[in-house]
Structures are given as structure tokens and as C-alpha cells.
Amino acid sequence: MSNVLLIEDDKIISSSIKYYLDNEGFNTSIVDNQTDALKLLENTKFNIILLDITLGNENGFDIFNKIKKLYEIPIIFLTALDEEVNVVRGLEMGADDYVTKPFRARELLSRIKNVIRRTSNNSEEIIYKNIKVNVKQAKVYKDGEHIFLTTLEYKLLLILLENKGKILSREKILSLIWDVSEEFVNDNTLSVYIKRLREKIEINSNEPSIIITVRGQGYMIGE
């Protein structure tokens, strides 16, 4: 479970974000000022911070600088200021991403997942059995030899590996793929991608030992 720190002084926005993210499996903490944020950071390890640029009498850019001096945590700016200068300033300071209000919950979720995946120290290399994924280079190896995967095949494999030991329903897999892909994938198409992926990574695709089908529930990697 990833811990999210939301620094936002609009109670309606913050409660809506917390409700949505918590339902998606995150653990979301809310503060509305720098002092409370720093207190939480002292005692809790957060995977990502969502930081509003305008916080009453406080400036989000100043809070960003203070946090970055103390912690290496990815930060996404939340801003109602859609002027290009504010976006550029945030990115030049080292922000990992930004989202302009009003935003759709699915868009925010997708950006959070992408930033966590990109910045996680543990995700540079994933190894399972004879399969190795170099996440930084987006390359997959089988028995030490590079194998070519299409973009969606790669994203599907990564989703399953990042949830190793968990059964993912077809609906859940489709929703996760939709979050990271501009291509439309339906239930029938998913079956095709699972089949193609197995043909590339399994020793025997007819008797898969990596991507396991859990009858009536979905798919999983690992036990």
C-alpha cells in the first residue's frame, strides 16, 4: 500500500481526493499547512506528495523547497493557476508532475501511479523466475536474452509483476491498462494480449507457470 501525503487547504477537494485514492488502495493523509506536513514526514514514510501551490497565506513553492531539502519524495503540484509560467516554474524546481484544477480523478490516479513507478528505487529491475524486467529501459529479458514486447504487452506484464502474489480480476487489469494507455482495450482484446504475452515469456504457453489463470477470478503472477 502506497502512502500519499495531500497538502491542500480546500476541504471539499481534499476529502474527495482522499475518498477516491483510499478506494483505489492508497493510504492518504491530509494536512493544510507546512508545519503539519513536516511533522507527518518525520514519522511516516510517504511514497508521494500532492501539493497545492496556493495554501492560504503559504506558498506551495516555498513548501516544496523546504521538503526537498529534507526528503527525497516525489511531488506532484496541484494548481488552479493554469498560466504557463507557473507550470514551467514548478517543473524547473524539480517537481515530478503537475495537475491543473479542475482535474478528473482518473487522470490524477494515472499520474500518481506513473510517478511512483518512475521514481521508485525498488522498481529499476524486477526479476521473477527466468524473466527480468529493466524498468528504467523498459526492456524484458528471458533467460538473459532480450525479448520484444509491444507497448501494451509490456504494460500488462509490468502490472502483473507489480502486483505479484495478488489475483487481479479482468476488470481490474483493464482499468489499470486504461490508466496508462491511450489505446482502448476491451475484454476480448485482453484475452488476446494475455495469450501473446504467454507465448513470449512462458516455456510452454499451453501450460503457463508465470501468468497463472485463477478460474473465475482473474490472473496472477506468483503465489
# chains A, B, ... in the order shown; residues from 1 in each chain; ligands from 1

$ select_by_dssp --residues "segment 47-160 of chain A" --states "helix (DSSP H, G or I)" --output "number ranges by chain"
A: 60-70, 84-93, 105-119, 121-123, 151-160

$ write_last_selection --atoms "C-alpha atoms" --output "PDB file, in the first residue's frame"
ATOM      1  CA  GLY A  60       3.393  25.928  -2.292  1.00  0.00           C
ATOM      2  CA  PHE A  61       6.713  26.636  -3.987  1.00  0.00           C
ATOM      3  CA  ASP A  62       8.287  27.545  -0.623  1.00  0.00           C
ATOM      4  CA  ILE A  63       6.906  24.363   0.964  1.00  0.00           C
ATOM      5  CA  PHE A  64       8.244  22.365  -1.981  1.00  0.00           C
ATOM      6  CA  ASN A  65      11.763  23.733  -1.427  1.00  0.00           C
ATOM      7  CA  LYS A  66      11.615  23.024   2.304  1.00  0.00           C
ATOM      8  CA  ILE A  67      10.504  19.409   1.822  1.00  0.00           C
ATOM      9  CA  LYS A  68      13.023  18.730  -0.946  1.00  0.00           C
ATOM     10  CA  LYS A  69      15.888  19.891   1.303  1.00  0.00           C
ATOM     11  CA  LEU A  70      14.932  17.239   3.857  1.00  0.00           C
ATOM     12  CA  GLU A  84       2.261  28.548 -18.331  1.00  0.00           C
ATOM     13  CA  VAL A  85       4.741  30.418 -16.151  1.00  0.00           C
ATOM     14  CA  ASN A  86       3.547  28.606 -13.019  1.00  0.00           C
ATOM     15  CA  VAL A  87       3.718  25.193 -14.687  1.00  0.00           C
ATOM     16  CA  VAL A  88       7.215  25.887 -16.014  1.00  0.00           C
ATOM     17  CA  ARG A  89       8.387  27.193 -12.657  1.00  0.00           C
ATOM     18  CA  GLY A  90       7.203  24.074 -10.851  1.00  0.00           C
ATOM     19  CA  LEU A  91       8.882  21.718 -13.305  1.00  0.00           C
ATOM     20  CA  GLU A  92      12.117  23.714 -13.309  1.00  0.00           C
ATOM     21  CA  MET A  93      12.196  23.489  -9.499  1.00  0.00           C
ATOM     22  CA  ALA A 105      -9.941  11.630 -10.603  1.00  0.00           C
ATOM     23  CA  ARG A 106      -8.754   9.007 -13.103  1.00  0.00           C
ATOM     24  CA  GLU A 107      -6.238  11.463 -14.547  1.00  0.00           C
ATOM     25  CA  LEU A 108      -4.821  12.190 -11.093  1.00  0.00           C
ATOM     26  CA  LEU A 109      -4.663   8.471 -10.277  1.00  0.00           C
ATOM     27  CA  SER A 110      -2.832   7.750 -13.527  1.00  0.00           C
ATOM     28  CA  ARG A 111      -0.262  10.473 -12.886  1.00  0.00           C
ATOM     29  CA  ILE A 112       0.311   9.287  -9.305  1.00  0.00           C
ATOM     30  CA  LYS A 113       0.904   5.706 -10.443  1.00  0.00           C
ATOM     31  CA  ASN A 114       3.229   6.803 -13.223  1.00  0.00           C
ATOM     32  CA  VAL A 115       5.333   8.992 -10.914  1.00  0.00           C
ATOM     33  CA  ILE A 116       5.582   6.300  -8.225  1.00  0.00           C
ATOM     34  CA  ARG A 117       6.531   3.717 -10.826  1.00  0.00           C
ATOM     35  CA  ARG A 118       9.120   6.034 -12.389  1.00  0.00           C
ATOM     36  CA  THR A 119      10.738   7.165  -9.157  1.00  0.00           C
ATOM     37  CA  ASN A 121      14.084   2.854  -6.059  1.00  0.00           C
ATOM     38  CA  ASN A 122      12.839  -0.722  -5.990  1.00  0.00           C
ATOM     39  CA  SER A 123      11.381  -0.723  -9.468  1.00  0.00           C
ATOM     40  CA  THR A 151       3.783  -1.369 -25.511  1.00  0.00           C
ATOM     41  CA  LEU A 152       0.596  -2.944 -24.191  1.00  0.00           C
ATOM     42  CA  GLU A 153       2.215  -6.345 -23.671  1.00  0.00           C
ATOM     43  CA  TYR A 154       4.937  -4.655 -21.631  1.00  0.00           C
ATOM     44  CA  LYS A 155       2.441  -2.657 -19.564  1.00  0.00           C
ATOM     45  CA  LEU A 156       0.381  -5.782 -18.944  1.00  0.00           C
ATOM     46  CA  LEU A 157       3.435  -7.712 -17.747  1.00  0.00           C
ATOM     47  CA  LEU A 158       4.517  -4.815 -15.529  1.00  0.00           C
ATOM     48  CA  ILE A 159       1.072  -4.540 -13.939  1.00  0.00           C
ATOM     49  CA  LEU A 160       1.043  -8.255 -13.114  1.00  0.00           C
TER      50      LEU A 160
END

$ residues_around --residues "Leu21 of chain A" --least-positions-apart "3" --cutoff "12 Å" --atoms "only C-alpha atoms" --output "VMD selection string"
chain A and resid 1 to 6 14 to 18 24 to 30 50 105 to 110 112 to 113

$ write_last_selection --atoms "C-alpha atoms" --output "PDB file, in the first residue's frame"
ATOM      1  CA  MET A   1       0.000   0.000   0.000  1.00  0.00           C
ATOM      2  CA  SER A   2       1.409   3.402  -1.027  1.00  0.00           C
ATOM      3  CA  ASN A   3       1.202   6.318   1.406  1.00  0.00           C
ATOM      4  CA  VAL A   4       0.094   9.637  -0.076  1.00  0.00           C
ATOM      5  CA  LEU A   5       0.504  12.995   1.662  1.00  0.00           C
ATOM      6  CA  LEU A   6      -2.002  15.552   0.393  1.00  0.00           C
ATOM      7  CA  SER A  14      -9.068  17.160  -0.164  1.00  0.00           C
ATOM      8  CA  SER A  15     -11.881  14.930   1.100  1.00  0.00           C
ATOM      9  CA  SER A  16     -12.835  13.983  -2.472  1.00  0.00           C
ATOM     10  CA  ILE A  17      -9.241  13.084  -3.355  1.00  0.00           C
ATOM     11  CA  LYS A  18      -8.811  11.071  -0.155  1.00  0.00           C
ATOM     12  CA  GLU A  24      -8.047   2.630  -5.010  1.00  0.00           C
ATOM     13  CA  GLY A  25      -5.860   1.084  -2.310  1.00  0.00           C
ATOM     14  CA  PHE A  26      -3.815   4.084  -1.202  1.00  0.00           C
ATOM     15  CA  ASN A  27      -3.425   5.382   2.348  1.00  0.00           C
ATOM     16  CA  THR A  28      -3.999   9.141   2.158  1.00  0.00           C
ATOM     17  CA  SER A  29      -3.126  11.689   4.861  1.00  0.00           C
ATOM     18  CA  ILE A  30      -4.310  15.299   4.632  1.00  0.00           C
ATOM     19  CA  LEU A  50       0.359  16.056  -3.716  1.00  0.00           C
ATOM     20  CA  ALA A 105      -9.941  11.630 -10.603  1.00  0.00           C
ATOM     21  CA  ARG A 106      -8.754   9.007 -13.103  1.00  0.00           C
ATOM     22  CA  GLU A 107      -6.238  11.463 -14.547  1.00  0.00           C
ATOM     23  CA  LEU A 108      -4.821  12.190 -11.093  1.00  0.00           C
ATOM     24  CA  LEU A 109      -4.663   8.471 -10.277  1.00  0.00           C
ATOM     25  CA  SER A 110      -2.832   7.750 -13.527  1.00  0.00           C
ATOM     26  CA  ILE A 112       0.311   9.287  -9.305  1.00  0.00           C
ATOM     27  CA  LYS A 113       0.904   5.706 -10.443  1.00  0.00           C
TER      28      LYS A 113
END

$ select_by_dssp --residues "segment 54-201 of chain A" --states "strand (DSSP E)" --output "list in words"
Thr54, Leu55, Glu58, Asn59, Ile75, Ile76, Phe77, Leu78, Thr79, Asp97, Tyr98, Val99, Thr100, Glu125, Ile126, Ile127, Tyr128, Ile131, Lys132, Val133, Asn134, Lys139, Val140, Tyr141, Lys142, Glu145, His146 and Ile147 of chain A

$ closest_residue --among "A:Ile177, A:Thr189, A:Ile203, A:Asn163" --to "Lys142 of chain A" --atoms "only C-alpha atoms"
A:Ile203

$ atom_distance --atom1 "atom CA of Arg215 of chain A" --atom2 "atom CA of Thr150 of chain A"
26.4 Å
